[in-house]
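So the structure is just underneath, and the comments pick up after that.
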Amino acid sequence: MMGKPSKTAADAKPVLEGDKSLRFPHALLISASAGSGKTYTLAQRYVQFLLSDKVPGNDLAGILAVTFTNNAAKEMKARILAWLKELALDPDSPKMAETMQLVSLSREEIHKKAGELVERVIANYSDFHIQTIDSFLARVMAASADELKLPLKAEITMAYDVLIDLALYSMFSRIGKADLPASEVDKFLAVLPKTGSYPWNPAQRVKENFNSFLGQEGKTEGAITAAAGDYESQIKAKFKDVTRHTEALIKRFGPDNVKASAAAALAAGNITDFLAAYSFTYGVFNGTRKKHFPAGWEKDIAHLSDLVITLTELNAQAYYHPYVGIYDRFKLELERVKRGKTDVIHINDIAKRLSAYISAENVPEIYLKLGERISHFLIDEFQDTNRLQWGVIRPLVEEGLSKEGSLFVVGDIKQAIYMFRNADYKIMRDFLDKAEGKKPEAANLNLAPLGGELKYVNLPVNYRSDGEVLSYVDRLFKEKLKGSPLIGEDITELTTYDQRVQPARVEQGYVRTTVLESAAPDDEPRRKEWLLNVIAQARGRYPLGEIAILVAKNRRIEPVVEWLTEAGIPVASLSSLDIRKRRVVAELISYLRFLETPSDDLSFADFITGDVFTRLTGLTREELRDFIFNAHRQQKGALLYAAFRNHPKYKEYWERHLDEPFRKVGYLPIYELVSLVYARFALFANFPEVFGRYSIITPKCSILN
């Protein structure tokens with residue numbers, strides 16, 4: 001439906017058909033906008049399948065629901081259990097009427113079976129398969145470790161940093177040996193990009209780029225490899241071409257219209273600065289002076305932009321070329337590190353290894369067992385699934401559909417916001433095109449067992465927002481943005497969606513847009529006055545806890561907090577709620593790092609000169625800094641904590657406050673260790689302003705690494 005939200009009521013019947021008319025196997029796609037009940041419908045389908053006696057293979061272990069995040073999985077489990085619990089406790093509950101439309105059982109039968117299911121879920125919670133796809137794949141990996149040549153008891157990590165550090169150290173330590181000749185490293189250093197600031201110590205730049213390479217490889221089936229070519233010469237030639245065209249346009253447009261930064265880059269012949277100054281809307285020219293541009297300027301800029309795009313691609317290739325040259329050597333070291341004492345595997349490696357194994361026409365043995373157990377697959381936020389993930393789970397889905405199983409996917413391609421993590425909305429787009437009859441076959445799913453049928457339901461009613469809000473959204477997307485260059489081809493239905501409001505909320509809601517014309521960075525008084533006026537108006541209708549302020553960048557948060565604090569308005573920013581940024585917490589982390597590695601003098605020094613220890617002991621920072629300086633001067637190479645422990649004056653502080661955690665660090669679980677530290681350091685008494693609103697903070701083990 002186009003235009004404003006419809007005032008017609010939504011169909012009161014459940015979106016899902018009752019179990020009497022369900023036929024297996026089948027596949028159902030639910031597509032809907034935010035607030036229209038996608039997740040609720042998924043929970044509804046799960047409960048329907050568990051309760052029905054007409055759904056084959058509907059045992060608790062036979063249904064797998066996949067969500068996108070751990071929080072979503074927890075919420076889904078809570079919803080389903082709450083639904084079943086309500087049916088089990090009250091046969092006349094509101095959920096009962098809804099459930100009876102879905103399941104062909106009597107009220108008494110549903111009431112009894114729901115109670116049995118609650119007990120079964122609690123008794124067999126490991127069979128309650130509602131989890132993220134990463135968690136599911138990790139379970140598959142653990143069961144297929146031998147087939148996939150993986151460590152038997154692998155530690156799964158989500159960060160490459162520690163692995164990269166170890167691999168780089170191992171690789172650099174072999175410079176000059178047969179497997180890494182010094183000439184190869186010299187060649188790498190010689191071809192590092194000369195534009196921008198030259199990396200005299202390239203280790204950090206190498207780490208950053210390799211981290212990025214690994215992240216990209218882990219989300220796709222491909223691998224980053226070096227391509228031959230003299231990029232330096234190609235860049236110089238292309239930049240000359242771009243410069244020649246740019247100078248011709250400057251003569252036509254007039255030098256007064258050129259941006260200062262672009263003019264400086266051209267004069268210096270600096271490619272990096274030129275690309276930074278270039279705008280694909282106005283080129284090297286100042287957009288605020290476009291009224292002075294000659295007629296037909298858009299075509300001139302478009303032609304120049306085509307050349308600049310080629311230059312940008314060459315510049316990127318030249319930048320990464322030397323790093324790619326040693327990347328394969330680095331990955332060999334990385335695999336050695338992963339197979340070292342820690343047996344670490346990155347979470348991205350799991351899907352990649354499984355996908356490669358399946359692509360080689362192998363079937364992991366665990367798949368045969370899962371194919372026998374799991375019949376029904378429910379996938380939430382399908383638009384955020386990436387190719388590797390779908391490639392790994394697809395064989396199981398198709399196995400289920402080849403029997404009497406089902407596939408149920410819910411999503412909204414308008415909400416495909418994880419493409420930076422290689423999520424591929426085109427998989428869902430393929431399903432939609434098939435379901436809407438735009439193509440005869442789905443490229444991403446074999447529908448032959450279903451006779452080629454893929455059922456499709458759109459949820460048109462928004463239960464979250466009021467009519468005025470939806471009308472505003474419709475005007476923005478369906479009128480102002482439709483046909484806009486910002487949207488281009490509408491491949492995700494941003495301008496053609498169908499969404500209606502609940503009849504009782506058509507006239508409710510309020511939206512107002514105010515544009516401040518001034519863009520001057522120092523025009524804070526005007527922005528401050530405007531914001532405080534808006535808050536004053538809003539707090540007349542809403543409590544402060546229901547008012548949120550969004551800013552474009554993190555650096556803009558602090559001024560806004562200052563404005564509100566000066567005006568006497570209590571405010572809490574997300575950054576201020578990040579306990580990791582609090583000085584006291586940082587000191588505790590330093591202390592835990594010291595306990596993990598007693599030779600870490602820096603962490604020990606940071607702790608004893610901090611607020612926690614000085615407030616606890618009454619010692620001054622200046623005194624402790626003098627101790628640190630003298631300890632290192634008197635006995636170089638000695639451990640700082642040992643000097644403190646043996647010092648005539650300070651040993652009593654060690655014994656009273658630091659000795660017990662030091663002795664017990666290898667024997668206590670992390671939670672109990674931190675509890676002991678809190679008690680020993682009297683943190684709640686000494687820092688009520690910090691810990692008054694927080695319970696015990698247990699750092700993740702990764703902090704200690």
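Letters A, B, ... mark the chains of the structure tokens in the order given; residue numbers begin at 1 per chain; ligand numbers begin at 1, in order shown.
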Tell me, as a PDB file with N, CA, C and O atoms, in the first residue's frame, which residues lie within 8 Å of stretch 375-379 of chain A, counting only C-alpha atoms; anything in the same chain fewer than 6 positions away does not count.
```pdb
ATOM      1  N   LEU A  42       7.536 -16.030  14.979  1.00  0.00           N
ATOM      2  CA  LEU A  42       8.444 -17.163  15.054  1.00  0.00           C
ATOM      3  C   LEU A  42       8.191 -17.965  16.336  1.00  0.00           C
ATOM      4  O   LEU A  42       8.146 -19.202  16.318  1.00  0.00           O
ATOM      5  N   GLY A  57       7.796 -35.266  13.394  1.00  0.00           N
ATOM      6  CA  GLY A  57       9.135 -34.914  13.871  1.00  0.00           C
ATOM      7  C   GLY A  57       9.173 -33.694  14.744  1.00  0.00           C
ATOM      8  O   GLY A  57      10.153 -32.935  14.706  1.00  0.00           O
ATOM      9  N   ASN A  58       8.106 -33.485  15.550  1.00  0.00           N
ATOM     10  CA  ASN A  58       8.027 -32.258  16.356  1.00  0.00           C
ATOM     11  C   ASN A  58       8.521 -32.449  17.775  1.00  0.00           C
ATOM     12  O   ASN A  58       8.157 -31.699  18.677  1.00  0.00           O
ATOM     13  N   GLY A  62      13.864 -32.027  17.732  1.00  0.00           N
ATOM     14  CA  GLY A  62      13.697 -32.028  16.279  1.00  0.00           C
ATOM     15  C   GLY A  62      13.453 -30.658  15.688  1.00  0.00           C
ATOM     16  O   GLY A  62      13.247 -30.530  14.474  1.00  0.00           O
ATOM     17  N   ILE A  63      13.441 -29.614  16.516  1.00  0.00           N
ATOM     18  CA  ILE A  63      13.186 -28.252  16.044  1.00  0.00           C
ATOM     19  C   ILE A  63      14.397 -27.384  16.369  1.00  0.00           C
ATOM     20  O   ILE A  63      14.841 -27.324  17.516  1.00  0.00           O
ATOM     21  N   LEU A  64      14.937 -26.721  15.371  1.00  0.00           N
ATOM     22  CA  LEU A  64      16.075 -25.818  15.554  1.00  0.00           C
ATOM     23  C   LEU A  64      15.662 -24.405  15.177  1.00  0.00           C
ATOM     24  O   LEU A  64      15.229 -24.153  14.049  1.00  0.00           O
ATOM     25  N   ALA A  65      15.782 -23.487  16.126  1.00  0.00           N
ATOM     26  CA  ALA A  65      15.524 -22.072  15.859  1.00  0.00           C
ATOM     27  C   ALA A  65      16.845 -21.319  15.914  1.00  0.00           C
ATOM     28  O   ALA A  65      17.592 -21.434  16.889  1.00  0.00           O
ATOM     29  N   VAL A  66      17.133 -20.573  14.873  1.00  0.00           N
ATOM     30  CA  VAL A  66      18.403 -19.839  14.768  1.00  0.00           C
ATOM     31  C   VAL A  66      18.116 -18.348  14.839  1.00  0.00           C
ATOM     32  O   VAL A  66      17.297 -17.827  14.081  1.00  0.00           O
ATOM     33  N   THR A  67      18.784 -17.659  15.763  1.00  0.00           N
ATOM     34  CA  THR A  67      18.641 -16.212  15.899  1.00  0.00           C
ATOM     35  C   THR A  67      19.974 -15.546  15.538  1.00  0.00           C
ATOM     36  O   THR A  67      20.964 -16.224  15.270  1.00  0.00           O
ATOM     37  N   VAL A 397      18.949 -28.132   5.949  1.00  0.00           N
ATOM     38  CA  VAL A 397      17.591 -27.694   5.614  1.00  0.00           C
ATOM     39  C   VAL A 397      17.036 -28.536   4.470  1.00  0.00           C
ATOM     40  O   VAL A 397      15.891 -29.015   4.524  1.00  0.00           O
ATOM     41  N   GLY A 400      16.046 -31.924   5.561  1.00  0.00           N
ATOM     42  CA  GLY A 400      14.759 -31.911   6.235  1.00  0.00           C
ATOM     43  C   GLY A 400      13.599 -31.794   5.266  1.00  0.00           C
ATOM     44  O   GLY A 400      12.571 -32.465   5.413  1.00  0.00           O
ATOM     45  N   LEU A 401      13.759 -30.959   4.233  1.00  0.00           N
ATOM     46  CA  LEU A 401      12.690 -30.772   3.250  1.00  0.00           C
ATOM     47  C   LEU A 401      12.516 -31.997   2.354  1.00  0.00           C
ATOM     48  O   LEU A 401      11.455 -32.183   1.751  1.00  0.00           O
ATOM     49  N   GLU A 404       9.856 -34.984   5.787  1.00  0.00           N
ATOM     50  CA  GLU A 404       8.607 -34.331   6.193  1.00  0.00           C
ATOM     51  C   GLU A 404       8.915 -33.126   7.077  1.00  0.00           C
ATOM     52  O   GLU A 404       8.193 -32.837   8.023  1.00  0.00           O
ATOM     53  N   GLY A 405       9.976 -32.437   6.750  1.00  0.00           N
ATOM     54  CA  GLY A 405      10.388 -31.295   7.548  1.00  0.00           C
ATOM     55  C   GLY A 405       9.831 -29.987   7.028  1.00  0.00           C
ATOM     56  O   GLY A 405       8.969 -29.946   6.142  1.00  0.00           O
ATOM     57  N   SER A 406      10.370 -28.878   7.569  1.00  0.00           N
ATOM     58  CA  SER A 406       9.891 -27.558   7.160  1.00  0.00           C
ATOM     59  C   SER A 406      10.988 -26.522   7.361  1.00  0.00           C
ATOM     60  O   SER A 406      11.930 -26.725   8.139  1.00  0.00           O
ATOM     61  N   LEU A 407      10.838 -25.440   6.653  1.00  0.00           N
ATOM     62  CA  LEU A 407      11.711 -24.273   6.799  1.00  0.00           C
ATOM     63  C   LEU A 407      10.833 -23.056   7.027  1.00  0.00           C
ATOM     64  O   LEU A 407       9.868 -22.834   6.299  1.00  0.00           O
ATOM     65  N   PHE A 408      11.167 -22.281   8.055  1.00  0.00           N
ATOM     66  CA  PHE A 408      10.405 -21.075   8.394  1.00  0.00           C
ATOM     67  C   PHE A 408      11.422 -19.956   8.580  1.00  0.00           C
ATOM     68  O   PHE A 408      12.252 -20.006   9.493  1.00  0.00           O
ATOM     69  N   VAL A 409      11.406 -18.966   7.703  1.00  0.00           N
ATOM     70  CA  VAL A 409      12.357 -17.857   7.818  1.00  0.00           C
ATOM     71  C   VAL A 409      11.601 -16.544   7.948  1.00  0.00           C
ATOM     72  O   VAL A 409      10.582 -16.333   7.280  1.00  0.00           O
ATOM     73  N   VAL A 410      12.094 -15.673   8.811  1.00  0.00           N
ATOM     74  CA  VAL A 410      11.497 -14.349   8.979  1.00  0.00           C
ATOM     75  C   VAL A 410      12.591 -13.310   8.797  1.00  0.00           C
ATOM     76  O   VAL A 410      13.748 -13.522   9.189  1.00  0.00           O
TER      77      VAL A 410
END
```
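Using only C-alpha atoms, the residues found no farther than 6 Å from stretch 450-467 of chain A, other than those of its own chain fewer than 4 positions away, are Ala27, Leu28, Leu29, Ile30, Ser31, Ala32, Gly35, Ser36, Ala435, Asp498, Gln499, Arg500, Val501, Arg505, Val506, Glu507, Gln508 and Gly509 of chain A.
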Please write the residues from the selection above to a file, keeping N, CA, C and O atoms, as a short mmCIF file (atom, residue, chain, number, x, y, z; two decimals), in the first residue's frame.
```cif
data_model
loop_
_atom_site.label_atom_id
_atom_site.label_comp_id
_atom_site.auth_asym_id
_atom_site.auth_seq_id
_atom_site.Cartn_x
_atom_site.Cartn_y
_atom_site.Cartn_z
N ALA A 27 7.86 -24.88 3.05
CA ALA A 27 8.74 -23.76 3.37
C ALA A 27 7.91 -22.49 3.39
O ALA A 27 7.09 -22.27 2.49
N LEU A 28 8.11 -21.67 4.41
CA LEU A 28 7.33 -20.44 4.57
C LEU A 28 8.28 -19.27 4.84
O LEU A 28 9.16 -19.35 5.70
N LEU A 29 8.09 -18.21 4.09
CA LEU A 29 8.87 -16.98 4.25
C LEU A 29 7.97 -15.89 4.82
O LEU A 29 6.92 -15.59 4.28
N ILE A 30 8.39 -15.31 5.95
CA ILE A 30 7.68 -14.19 6.56
C ILE A 30 8.51 -12.93 6.33
O ILE A 30 9.66 -12.86 6.74
N SER A 31 7.93 -11.96 5.66
CA SER A 31 8.62 -10.69 5.41
C SER A 31 7.80 -9.57 6.03
O SER A 31 6.59 -9.49 5.81
N ALA A 32 8.45 -8.73 6.81
CA ALA A 32 7.69 -7.67 7.48
C ALA A 32 8.61 -6.58 7.97
O ALA A 32 9.80 -6.79 8.18
N GLY A 35 8.61 -3.82 14.00
CA GLY A 35 7.44 -3.61 14.84
C GLY A 35 6.21 -4.37 14.42
O GLY A 35 5.15 -4.21 15.02
N SER A 36 6.33 -5.22 13.40
CA SER A 36 5.14 -5.92 12.89
C SER A 36 5.01 -7.33 13.45
O SER A 36 4.10 -8.06 13.05
N ALA A 435 8.99 -16.46 -4.27
CA ALA A 435 7.67 -16.50 -3.65
C ALA A 435 6.68 -15.58 -4.35
O ALA A 435 5.48 -15.88 -4.42
N ASP A 498 4.90 -2.16 2.49
CA ASP A 498 3.49 -2.06 2.87
C ASP A 498 3.42 -2.17 4.39
O ASP A 498 3.75 -3.21 4.95
N GLN A 499 3.00 -1.12 5.05
CA GLN A 499 2.91 -1.13 6.51
C GLN A 499 1.74 -0.28 6.97
O GLN A 499 1.57 0.86 6.53
N ARG A 500 0.91 -0.84 7.84
CA ARG A 500 -0.28 -0.14 8.32
C ARG A 500 -0.22 0.02 9.82
O ARG A 500 0.54 -0.66 10.50
N VAL A 501 -1.06 0.88 10.33
CA VAL A 501 -1.09 1.14 11.76
C VAL A 501 -2.34 0.49 12.35
O VAL A 501 -3.33 0.24 11.66
N ARG A 505 -4.75 3.60 16.80
CA ARG A 505 -3.59 4.48 16.96
C ARG A 505 -3.34 5.34 15.73
O ARG A 505 -2.29 5.98 15.62
N VAL A 506 -4.32 5.39 14.82
CA VAL A 506 -4.14 6.14 13.58
C VAL A 506 -3.85 7.62 13.84
O VAL A 506 -2.98 8.22 13.21
N GLU A 507 -4.57 8.22 14.77
CA GLU A 507 -4.42 9.66 15.02
C GLU A 507 -3.41 9.96 16.12
O GLU A 507 -3.23 11.12 16.48
N GLN A 508 -2.77 8.95 16.66
CA GLN A 508 -1.86 9.16 17.78
C GLN A 508 -0.42 9.38 17.30
O GLN A 508 -0.08 9.07 16.16
N GLY A 509 0.40 9.91 18.22
CA GLY A 509 1.80 10.12 17.90
C GLY A 509 2.10 11.55 17.51
O GLY A 509 1.19 12.36 17.24
#
```
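Pairwise distance (atom CA of A:Leu307, atom CA of A:Glu232) equals 16.7 Å.
Among the residues of stretch 50-109 of chain A, backbone DSSP assigns strand (DSSP E) to Ile63, Leu64, Ala65, Val66 and Thr67 of chain A.
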Using N, CA, C and O atoms, can you write the selected residues to a file as a tab-separated table (two decimals), in the first residue's frame?
```
chain	number	residue	atom	x	y	z
A	63	ILE	N	13.44	-29.61	16.52
A	63	ILE	CA	13.19	-28.25	16.04
A	63	ILE	C	14.40	-27.38	16.37
A	63	ILE	O	14.84	-27.32	17.52
A	64	LEU	N	14.94	-26.72	15.37
A	64	LEU	CA	16.08	-25.82	15.55
A	64	LEU	C	15.66	-24.41	15.18
A	64	LEU	O	15.23	-24.15	14.05
A	65	ALA	N	15.78	-23.49	16.13
A	65	ALA	CA	15.52	-22.07	15.86
A	65	ALA	C	16.85	-21.32	15.91
A	65	ALA	O	17.59	-21.43	16.89
A	66	VAL	N	17.13	-20.57	14.87
A	66	VAL	CA	18.40	-19.84	14.77
A	66	VAL	C	18.12	-18.35	14.84
A	66	VAL	O	17.30	-17.83	14.08
A	67	THR	N	18.78	-17.66	15.76
A	67	THR	CA	18.64	-16.21	15.90
A	67	THR	C	19.97	-15.55	15.54
A	67	THR	O	20.96	-16.22	15.27
```
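What separates atom CA of A:Arg174 from atom CA of A:Arg205 is a distance of 19.3 Å.
One distance worth recording is that between atom CA of A:Ala143 and atom CA of A:Glu365, which is 8.6 Å.
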- Message: Run DSSP on the backbone and tell me which residues of stretch 239-420 of chain A come out as alpha helix (DSSP H); list them as a ChimeraX atom specification.
- Response: /A:239-253,260-268,271-277,297-338,347-359,365-373,387-401
Could you list, as a short mmCIF file (atom, residue, chain, number, x, y, z; two decimals) with N, CA and C atoms, in the first residue's frame, every residue within 12 Å of A:Thr514, counting only C-alpha atoms and ignoring same-chain residues fewer than 4 positions away?
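Wrote selection.cif, looks like this:
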```cif
data_model
loop_
_atom_site.label_atom_id
_atom_site.label_comp_id
_atom_site.auth_asym_id
_atom_site.auth_seq_id
_atom_site.Cartn_x
_atom_site.Cartn_y
_atom_site.Cartn_z
N ARG A 527 22.73 25.87 19.15
CA ARG A 527 22.31 24.47 19.26
C ARG A 527 21.91 24.14 20.69
N TRP A 530 18.45 25.57 21.38
CA TRP A 530 17.42 24.79 20.70
C TRP A 530 17.17 23.48 21.43
N LEU A 531 18.24 22.77 21.82
CA LEU A 531 18.09 21.48 22.48
C LEU A 531 17.38 21.62 23.82
N VAL A 534 13.71 22.07 23.33
CA VAL A 534 13.05 20.81 22.96
C VAL A 534 12.85 19.93 24.18
#
```
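Considering only C-alpha atoms, the residue among A:Ser104, A:Ser603, A:Ser135, A:Gln389 positioned nearest to A:Glu587 is A:Ser603.
The shortest atom-to-atom distance to A:His321, with only C-alpha atoms taken into account, belongs to A:Leu189 out of A:Leu370, A:Leu189, A:Leu166, A:Ile535.
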- Message: Which residues are close to A:Lys331, i.e. within 10 Å by only C-alpha atoms, leaving aside same-chain residues fewer than 3 positions away? Reply as a ChimeraX atom specification.
- Response: /A:164,167-168,171,210,214,326-328,334-337
Would you export the selected residues with all heavy atoms as a short mmCIF file (atom, residue, chain, number, x, y, z; two decimals), in the first residue's frame, please?
```
data_model
loop_
_atom_site.label_atom_id
_atom_site.label_comp_id
_atom_site.auth_asym_id
_atom_site.auth_seq_id
_atom_site.Cartn_x
_atom_site.Cartn_y
_atom_site.Cartn_z
N ILE A 164 47.37 -12.78 16.24
CA ILE A 164 48.20 -12.03 15.30
C ILE A 164 49.53 -11.65 15.96
O ILE A 164 50.60 -11.77 15.35
CB ILE A 164 47.47 -10.78 14.79
CG1 ILE A 164 46.29 -11.20 13.90
CG2 ILE A 164 48.41 -9.87 14.01
CD1 ILE A 164 45.43 -10.04 13.45
N ALA A 167 51.70 -14.72 16.07
CA ALA A 167 52.14 -15.14 14.74
C ALA A 167 53.18 -14.18 14.17
O ALA A 167 54.17 -14.60 13.56
CB ALA A 167 50.95 -15.26 13.80
N LEU A 168 52.95 -12.87 14.34
CA LEU A 168 53.91 -11.88 13.84
C LEU A 168 55.25 -12.01 14.57
O LEU A 168 56.31 -11.94 13.95
CB LEU A 168 53.36 -10.47 14.01
CG LEU A 168 52.28 -10.04 13.02
CD1 LEU A 168 51.80 -8.63 13.35
CD2 LEU A 168 52.79 -10.09 11.59
N MET A 171 56.91 -14.98 13.18
CA MET A 171 57.39 -14.76 11.81
C MET A 171 58.62 -13.84 11.79
O MET A 171 59.61 -14.13 11.13
CB MET A 171 56.27 -14.17 10.96
CG MET A 171 56.65 -14.00 9.48
SD MET A 171 55.28 -13.39 8.47
CE MET A 171 55.25 -11.66 8.94
N PHE A 210 46.58 -7.10 8.47
CA PHE A 210 46.37 -8.54 8.55
C PHE A 210 45.10 -8.86 9.34
O PHE A 210 44.40 -9.82 9.04
CB PHE A 210 47.58 -9.23 9.19
CG PHE A 210 48.76 -9.35 8.26
CD1 PHE A 210 48.70 -8.85 6.97
CD2 PHE A 210 49.93 -9.97 8.67
CE1 PHE A 210 49.79 -8.95 6.11
CE2 PHE A 210 51.02 -10.09 7.81
CZ PHE A 210 50.95 -9.57 6.53
N LEU A 214 42.13 -11.06 7.66
CA LEU A 214 41.57 -12.26 8.28
C LEU A 214 40.07 -12.12 8.49
O LEU A 214 39.31 -13.08 8.29
CB LEU A 214 42.25 -12.52 9.63
CG LEU A 214 43.71 -12.97 9.56
CD1 LEU A 214 44.34 -12.93 10.96
CD2 LEU A 214 43.82 -14.37 8.99
N ILE A 326 53.45 -10.85 1.81
CA ILE A 326 53.93 -11.69 2.92
C ILE A 326 52.77 -12.29 3.71
O ILE A 326 52.99 -12.93 4.75
CB ILE A 326 54.86 -10.90 3.87
CG1 ILE A 326 54.10 -9.74 4.51
CG2 ILE A 326 56.09 -10.42 3.14
CD1 ILE A 326 54.88 -9.06 5.64
N TYR A 327 51.56 -12.09 3.23
CA TYR A 327 50.38 -12.55 3.97
C TYR A 327 50.33 -14.07 4.06
O TYR A 327 50.00 -14.63 5.11
CB TYR A 327 49.12 -11.99 3.31
CG TYR A 327 47.83 -12.34 4.01
CD1 TYR A 327 47.65 -12.03 5.35
CD2 TYR A 327 46.80 -12.96 3.32
CE1 TYR A 327 46.46 -12.34 5.99
CE2 TYR A 327 45.61 -13.27 3.96
CZ TYR A 327 45.44 -12.95 5.29
OH TYR A 327 44.26 -13.26 5.92
N ASP A 328 50.64 -14.75 2.95
CA ASP A 328 50.61 -16.22 2.97
C ASP A 328 51.61 -16.77 3.99
O ASP A 328 51.32 -17.74 4.70
CB ASP A 328 50.92 -16.78 1.58
CG ASP A 328 49.75 -16.61 0.63
OD1 ASP A 328 48.62 -16.43 1.12
OD2 ASP A 328 49.97 -16.65 -0.60
N LEU A 334 50.38 -18.32 11.60
CA LEU A 334 49.14 -18.22 12.36
C LEU A 334 48.57 -19.61 12.65
O LEU A 334 48.09 -19.88 13.76
CB LEU A 334 48.12 -17.38 11.59
CG LEU A 334 46.80 -17.09 12.31
CD1 LEU A 334 47.04 -16.26 13.57
CD2 LEU A 334 45.84 -16.36 11.38
N GLU A 335 48.62 -20.49 11.66
CA GLU A 335 48.12 -21.85 11.87
C GLU A 335 48.97 -22.59 12.90
O GLU A 335 48.45 -23.37 13.71
CB GLU A 335 48.10 -22.62 10.54
CG GLU A 335 47.02 -22.15 9.58
CD GLU A 335 45.64 -22.21 10.19
OE1 GLU A 335 45.30 -23.24 10.81
OE2 GLU A 335 44.89 -21.23 10.08
N ARG A 336 50.27 -22.33 12.89
CA ARG A 336 51.13 -22.96 13.89
C ARG A 336 50.77 -22.47 15.29
O ARG A 336 50.75 -23.24 16.26
CB ARG A 336 52.59 -22.64 13.60
CG ARG A 336 53.14 -23.32 12.36
CD ARG A 336 54.59 -22.93 12.14
NE ARG A 336 55.10 -23.45 10.88
CZ ARG A 336 56.30 -23.19 10.39
NH1 ARG A 336 57.12 -22.41 11.07
NH2 ARG A 336 56.68 -23.68 9.22
N VAL A 337 50.48 -21.19 15.39
CA VAL A 337 50.09 -20.62 16.69
C VAL A 337 48.79 -21.24 17.17
O VAL A 337 48.64 -21.61 18.34
CB VAL A 337 49.96 -19.09 16.57
CG1 VAL A 337 49.24 -18.52 17.79
CG2 VAL A 337 51.31 -18.45 16.40
#
```
- Task: Find the residues around stretch 565-571 of chain A up to 12 Å (only C-alpha atoms counted), leave out those fewer than 2 positions away in its own chain, and share them as a ChimeraX atom specification.
- Result: /A:528-529,531-533,535-536,539,543-549,557-563,573-577
Next, dump the selected residues to file, keeping only N, CA and C atoms, as a compact mmCIF listing (two decimals), in the first residue's frame.
```
# COMPACT_ATOMS: atom_id res chain seq x y z
N LYS A 528 22.66 24.68 21.65
CA LYS A 528 22.35 24.44 23.06
C LYS A 528 20.97 24.98 23.40
N GLU A 529 20.67 26.22 22.97
CA GLU A 529 19.37 26.82 23.25
C GLU A 529 18.24 26.01 22.63
N LEU A 531 18.24 22.77 21.82
CA LEU A 531 18.09 21.48 22.48
C LEU A 531 17.38 21.62 23.82
N LEU A 532 17.76 22.61 24.61
CA LEU A 532 17.14 22.79 25.92
C LEU A 532 15.66 23.13 25.78
N ASN A 533 15.30 23.89 24.75
CA ASN A 533 13.88 24.18 24.51
C ASN A 533 13.10 22.92 24.16
N ILE A 535 13.88 19.84 25.03
CA ILE A 535 13.78 19.02 26.24
C ILE A 535 12.70 19.57 27.17
N ALA A 536 12.64 20.89 27.29
CA ALA A 536 11.64 21.51 28.16
C ALA A 536 10.23 21.17 27.69
N ARG A 539 9.63 17.18 28.23
CA ARG A 539 9.47 16.70 29.61
C ARG A 539 8.14 17.10 30.21
N PRO A 543 8.27 11.49 31.10
CA PRO A 543 9.32 11.50 32.12
C PRO A 543 10.69 11.51 31.45
N LEU A 544 11.68 12.05 32.14
CA LEU A 544 13.01 12.17 31.55
C LEU A 544 13.59 10.82 31.13
N GLY A 545 13.23 9.77 31.84
CA GLY A 545 13.75 8.45 31.51
C GLY A 545 13.29 7.93 30.17
N GLU A 546 12.29 8.55 29.57
CA GLU A 546 11.79 8.12 28.27
C GLU A 546 12.23 9.05 27.15
N ILE A 547 13.16 9.94 27.44
CA ILE A 547 13.66 10.88 26.42
C ILE A 547 15.09 10.48 26.06
N ALA A 548 15.34 10.30 24.77
CA ALA A 548 16.68 9.93 24.28
C ALA A 548 17.18 11.01 23.33
N ILE A 549 18.46 11.27 23.38
CA ILE A 549 19.10 12.23 22.48
C ILE A 549 20.16 11.49 21.68
N ILE A 557 29.01 13.87 22.19
CA ILE A 557 28.24 13.50 23.38
C ILE A 557 28.59 14.40 24.57
N GLU A 558 29.90 14.62 24.80
CA GLU A 558 30.32 15.35 25.99
C GLU A 558 29.74 16.77 26.05
N PRO A 559 29.77 17.55 24.95
CA PRO A 559 29.16 18.89 25.03
C PRO A 559 27.68 18.84 25.37
N VAL A 560 26.96 17.86 24.81
CA VAL A 560 25.53 17.76 25.10
C VAL A 560 25.30 17.44 26.57
N VAL A 561 26.11 16.53 27.12
CA VAL A 561 25.98 16.20 28.54
C VAL A 561 26.27 17.44 29.39
N GLU A 562 27.25 18.23 29.00
CA GLU A 562 27.57 19.45 29.75
C GLU A 562 26.40 20.43 29.71
N TRP A 563 25.77 20.61 28.54
CA TRP A 563 24.63 21.52 28.43
C TRP A 563 23.51 21.11 29.37
N SER A 573 24.87 9.30 29.82
CA SER A 573 25.24 8.92 28.46
C SER A 573 25.74 7.50 28.46
N LEU A 574 25.64 6.85 27.30
CA LEU A 574 26.12 5.47 27.20
C LEU A 574 27.61 5.39 27.50
N SER A 575 28.35 6.43 27.07
CA SER A 575 29.79 6.40 27.34
C SER A 575 30.08 6.50 28.82
N SER A 576 29.24 7.27 29.57
CA SER A 576 29.48 7.40 31.00
C SER A 576 29.11 6.12 31.74
N LEU A 577 28.25 5.29 31.12
CA LEU A 577 27.86 4.03 31.74
C LEU A 577 28.85 2.91 31.43
```
- May I have the residues within 8 Å of A:Ile413 as a ChimeraX atom specification, using only C-alpha atoms and disregarding those fewer than 6 positions away in the same chain? /A:383,425,428-429,492-493
- Message: Residues near A:Glu98, anyone? I mean within 12 Å using only C-alpha atoms, not counting same-chain ones fewer than 4 positions away, as a ChimeraX atom specification.
- Response: /A:12-18,41,44-45,47-48,83,87,91-94,102-104,107,110
